[in-house]
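The next block is model_39.txt, given as compact mmCIF, C-alpha atoms.
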# COMPACT_ATOMS: atom_id res chain seq x y z
CA MET A 1 -179.18 -157.21 71.05
CA THR A 2 -176.68 -157.90 68.33
CA ASP A 3 -177.49 -157.13 64.74
CA GLU A 4 -177.44 -160.90 64.14
CA GLY A 5 -180.56 -161.69 66.08
CA ARG A 6 -183.43 -160.42 63.97
CA ILE A 7 -186.21 -162.85 63.14
CA LEU A 8 -189.37 -162.60 61.04
CA ILE A 9 -192.08 -165.19 61.72
CA ILE A 10 -194.85 -165.82 59.17
CA ASP A 11 -197.74 -167.96 60.40
CA ASP A 12 -201.51 -167.74 59.96
CA SER A 13 -202.15 -168.31 63.68
CA TRP A 14 -201.92 -165.30 66.01
CA ILE A 15 -201.67 -167.70 68.95
CA ILE A 16 -198.59 -169.40 67.51
CA LEU A 17 -197.08 -166.04 66.54
CA GLU A 18 -197.44 -164.68 70.06
CA LYS A 19 -196.07 -167.86 71.67
CA LEU A 20 -193.05 -167.91 69.36
CA LYS A 21 -192.46 -164.20 69.72
CA ASP A 22 -192.49 -164.40 73.53
CA CYS A 23 -190.24 -167.46 73.50
CA LEU A 24 -187.67 -165.99 71.10
CA ILE A 25 -187.67 -162.53 72.70
CA GLY A 26 -187.04 -164.32 76.00
CA ALA A 27 -184.01 -165.93 74.35
CA GLY A 28 -182.66 -162.51 73.36
CA TYR A 29 -183.84 -162.17 69.77
CA GLU A 30 -185.57 -159.26 68.08
CA VAL A 31 -188.78 -160.62 66.56
CA ARG A 32 -191.33 -159.38 64.02
CA THR A 33 -194.46 -161.33 63.17
CA THR A 34 -197.04 -161.39 60.41
CA THR A 35 -199.99 -163.62 59.53
CA GLY A 36 -199.19 -163.73 55.83
CA PRO A 37 -196.52 -163.15 53.24
CA ALA A 38 -198.18 -160.09 51.74
CA GLY A 39 -195.94 -157.20 52.72
CA ALA A 40 -193.51 -159.46 54.58
CA ALA A 41 -190.80 -158.83 51.99
CA ARG A 42 -190.33 -155.30 53.31
CA HIS A 43 -188.96 -156.80 56.55
CA LEU A 44 -186.45 -159.12 54.88
CA PRO A 45 -183.56 -156.63 54.53
CA SER A 46 -183.61 -156.09 58.29
CA CYS A 47 -183.93 -159.78 59.24
CA ASP A 48 -181.39 -162.55 59.48
CA LEU A 49 -183.88 -165.40 59.69
CA ALA A 50 -187.45 -165.89 58.49
CA ILE A 51 -189.44 -168.74 60.04
CA VAL A 52 -192.31 -169.68 57.74
CA ASP A 53 -195.31 -171.90 58.46
CA PHE A 54 -195.80 -174.33 55.58
CA HIS A 55 -199.59 -174.76 55.80
CA MET A 56 -201.55 -171.52 55.61
CA PRO A 57 -205.07 -170.99 54.24
CA GLY A 58 -204.90 -170.59 50.48
CA LEU A 59 -201.08 -170.82 50.41
CA ASN A 60 -198.42 -173.37 51.03
CA GLY A 61 -194.73 -172.98 51.71
CA ASP A 62 -193.84 -173.26 48.01
CA GLU A 63 -196.00 -170.27 47.13
CA VAL A 64 -194.79 -168.22 50.08
CA MET A 65 -191.17 -168.86 49.19
CA LYS A 66 -191.74 -167.92 45.54
CA MET A 67 -193.22 -164.62 46.70
CA LEU A 68 -190.40 -163.90 49.14
CA ARG A 69 -187.51 -165.09 46.97
CA THR A 70 -188.65 -163.02 43.98
CA SER A 71 -188.99 -159.90 46.09
CA PRO A 72 -186.85 -156.99 44.91
CA ALA A 73 -185.72 -156.46 48.51
CA ASP A 74 -181.99 -157.11 48.84
CA SER A 75 -181.58 -159.58 51.66
CA SER A 76 -179.26 -162.23 52.98
CA CYS A 77 -182.08 -163.53 55.19
CA MET A 78 -182.21 -167.28 55.68
CA PHE A 79 -185.59 -169.00 55.31
CA TYR A 80 -186.57 -171.89 57.56
CA LEU A 81 -189.66 -174.01 57.24
CA TYR A 82 -191.62 -174.51 60.47
CA THR A 83 -193.68 -177.68 60.63
CA SER A 84 -194.45 -180.79 62.61
CA ASP A 85 -194.63 -182.88 59.41
CA PRO A 86 -191.33 -184.78 58.99
CA GLU A 87 -192.13 -185.62 55.35
CA ILE A 88 -192.44 -181.95 54.38
CA ALA A 89 -189.48 -180.96 56.55
CA SER A 90 -187.25 -183.49 54.81
CA LYS A 91 -188.01 -181.80 51.47
CA TYR A 92 -187.26 -178.25 52.63
CA GLN A 93 -184.78 -177.59 49.80
CA ARG A 94 -187.29 -178.64 47.17
CA HIS A 95 -189.64 -176.05 48.64
CA GLY A 96 -187.00 -173.29 48.47
CA PHE A 97 -186.07 -173.13 52.14
CA ASP A 98 -182.56 -173.05 53.62
CA GLY A 99 -183.53 -175.47 56.38
CA SER A 100 -186.40 -176.67 58.54
CA PHE A 101 -187.47 -176.62 62.16
CA LEU A 102 -189.44 -179.64 63.30
CA ARG A 103 -191.63 -180.05 66.37
CA LYS A 104 -193.92 -177.11 65.62
CA GLY A 105 -195.64 -176.11 68.82
CA ASP A 106 -192.74 -177.15 71.03
CA ASP A 107 -191.38 -173.69 71.84
CA LYS A 108 -188.60 -175.00 74.06
CA ALA A 109 -187.28 -177.14 71.19
CA LEU A 110 -187.27 -174.16 68.84
CA VAL A 111 -184.81 -171.99 70.78
CA PRO A 112 -181.83 -174.40 70.50
CA GLN A 113 -182.59 -174.87 66.80
CA VAL A 114 -182.67 -171.10 66.23
CA ASN A 115 -179.48 -170.68 68.27
CA ALA A 116 -177.75 -173.19 65.96
CA VAL A 117 -178.86 -171.24 62.87
CA PHE A 118 -177.45 -168.04 64.34
CA ARG A 119 -174.13 -169.75 65.10
CA THR A 120 -174.02 -170.66 61.40
CA ILE A 121 -174.90 -167.08 60.40
CA ARG A 122 -172.11 -165.70 62.61
CA MET A 123 -169.61 -168.20 61.20
CA ARG A 124 -170.54 -167.24 57.63
CA LYS A 125 -170.15 -163.55 58.39
CA LEU A 126 -166.76 -164.18 59.99
CA ALA A 127 -165.63 -166.22 56.98
CA GLU A 128 -166.74 -163.43 54.63
CA LYS A 129 -164.83 -160.89 56.70
CA ILE A 130 -161.66 -163.00 56.66
CA ARG A 131 -161.94 -163.52 52.88
CA SER A 132 -162.40 -159.79 52.28
CA GLU A 133 -159.42 -158.93 54.51
CA ARG A 134 -157.21 -161.40 52.67
CA GLY A 135 -158.28 -159.89 49.36
CA ARG A 136 -157.04 -156.39 50.28
Kindly return the structure encoded in the file as structure tokens.
Amino acid sequence: MTDEGRILIIDDSWIILEKLKDCLIGAGYEVRTTTGPAGAARHLPSCDLAIVDFHMPGLNGDEVMKMLRTSPADSSCMFYLYTSDPEIASKYQRHGFDGSFLRKGDDKALVPQVNAVFRTIRMRKLAEKIRSERGR
């Protein structure tokens, strides 16, 4: 496992968490799961990507993102909304997310989407490395 394959999944359903965890571990990722945002911030410094369910009992994605983004934990973790609602997904930035994954429940569709995010993460890290080497 590379150090660029660490994912945190926040969803209120244990069934969905286990399905996603199995699917993403099978694709080679290191995965942590939790049923709520309370305490999730402690995982952010060691994660590259957080996948967050938008609809949870008593909370929505806006509230979860406010909690996570205001956490004192230093993190470059990217936050992706996970939903089957295209209307909410299209407004991911308004909700504080870096992107969105549609087709919630379609585990096979999620892996290529996650792979694309990690290609972006690797490209950003490479660009940062090149910029820092040029600045020497």
At a cut-off of 9 Å, using all atoms listed in the file, what residues contact Leu81 of chain A? Leave out same-chain residues fewer than 4 positions from it and give the result as a PDB file with C-alpha atoms, in the coordinates of the input.
ATOM      1  CA  ALA A  50    -187.450-165.890  58.490  1.00  0.00           C
ATOM      2  CA  ILE A  51    -189.440-168.740  60.040  1.00  0.00           C
ATOM      3  CA  VAL A  52    -192.310-169.680  57.740  1.00  0.00           C
ATOM      4  CA  ASP A  53    -195.310-171.900  58.460  1.00  0.00           C
ATOM      5  CA  PHE A  54    -195.800-174.330  55.580  1.00  0.00           C
ATOM      6  CA  GLY A  61    -194.730-172.980  51.710  1.00  0.00           C
ATOM      7  CA  ILE A  88    -192.440-181.950  54.380  1.00  0.00           C
ATOM      8  CA  ALA A  89    -189.480-180.960  56.550  1.00  0.00           C
ATOM      9  CA  TYR A  92    -187.260-178.250  52.630  1.00  0.00           C
ATOM     10  CA  HIS A  95    -189.640-176.050  48.640  1.00  0.00           C
ATOM     11  CA  PHE A  97    -186.070-173.130  52.140  1.00  0.00           C
ATOM     12  CA  ASP A  98    -182.560-173.050  53.620  1.00  0.00           C
ATOM     13  CA  GLY A  99    -183.530-175.470  56.380  1.00  0.00           C
ATOM     14  CA  SER A 100    -186.400-176.670  58.540  1.00  0.00           C
ATOM     15  CA  PHE A 101    -187.470-176.620  62.160  1.00  0.00           C
ATOM     16  CA  LEU A 102    -189.440-179.640  63.300  1.00  0.00           C
TER      17      LEU A 102
END
Contact check, segment 106-135 of chain A to segment 9-30 of chain A, at most 8 Å, counting only C-alpha atoms, closest pairs as CSV:
residue,atom,partner,partner_atom,distance
A:Asp107,CA,A:Leu20,CA,6.5
A:Lys108,CA,A:Cys23,CA,7.7
A:Val111,CA,A:Leu24,CA,6.7
**OP:** Do a neighbour search on Thr120 of chain A at 12 Å with only C-alpha atoms, toss out local chain neighbours closer than 4 positions, and write the hits as a ChimeraX atom specification.
**Re:** /A:4,48-49,78,98-99,113-116,124-127
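Here atom CA of Ser76 of chain A stands at a distance of 25.5 Å from atom CA of Arg103 of chain A.
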Segment 13-20 of chain A, all listed atoms, 4 Å padding on each side: what axis-aligned box centre and edge lengths in Å to one decimal come out, as lines of an AutoDock Vina configuration file?
center_x = -197.6
center_y = -167.0
center_z = 67.7
size_x = 17.1
size_y = 12.7
size_z = 16.0
Original post:
Do you know which residues are at most 12 Å from Met67 of chain A counting all atoms listed in the file, after dropping those on the same chain fewer than 5 positions away, and could you put them as a PyMOL selection string?
Top reply: chain A and resi 36-42+44+59-62+72-73+96
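Atom CA of Met123 of chain A is found 17.7 Å from atom CA of Tyr80 of chain A.
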Original post:
By how many Å are atom CA of Cys47 of chain A and atom CA of Gly5 of chain A apart?
Top reply: 7.9 Å
**OP:** Could you tell me which of A:Arg6, A:His55, A:Lys66, A:Arg122 comes closest to Asp85 of chain A if we count only C-alpha atoms?
**Re:**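 Using only C-alpha atoms, Asp85 of chain A sits closest to A:His55.
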Subject >> Using only C-alpha atoms: which of A:Ala109, A:Ile7, A:Leu68, A:Ile121 has the shortest distance to Arg32 of chain A >> reply: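 Of A:Ala109, A:Ile7, A:Leu68, A:Ile121, the one nearest Arg32 of chain A, counting only C-alpha atoms, is A:Ile7.
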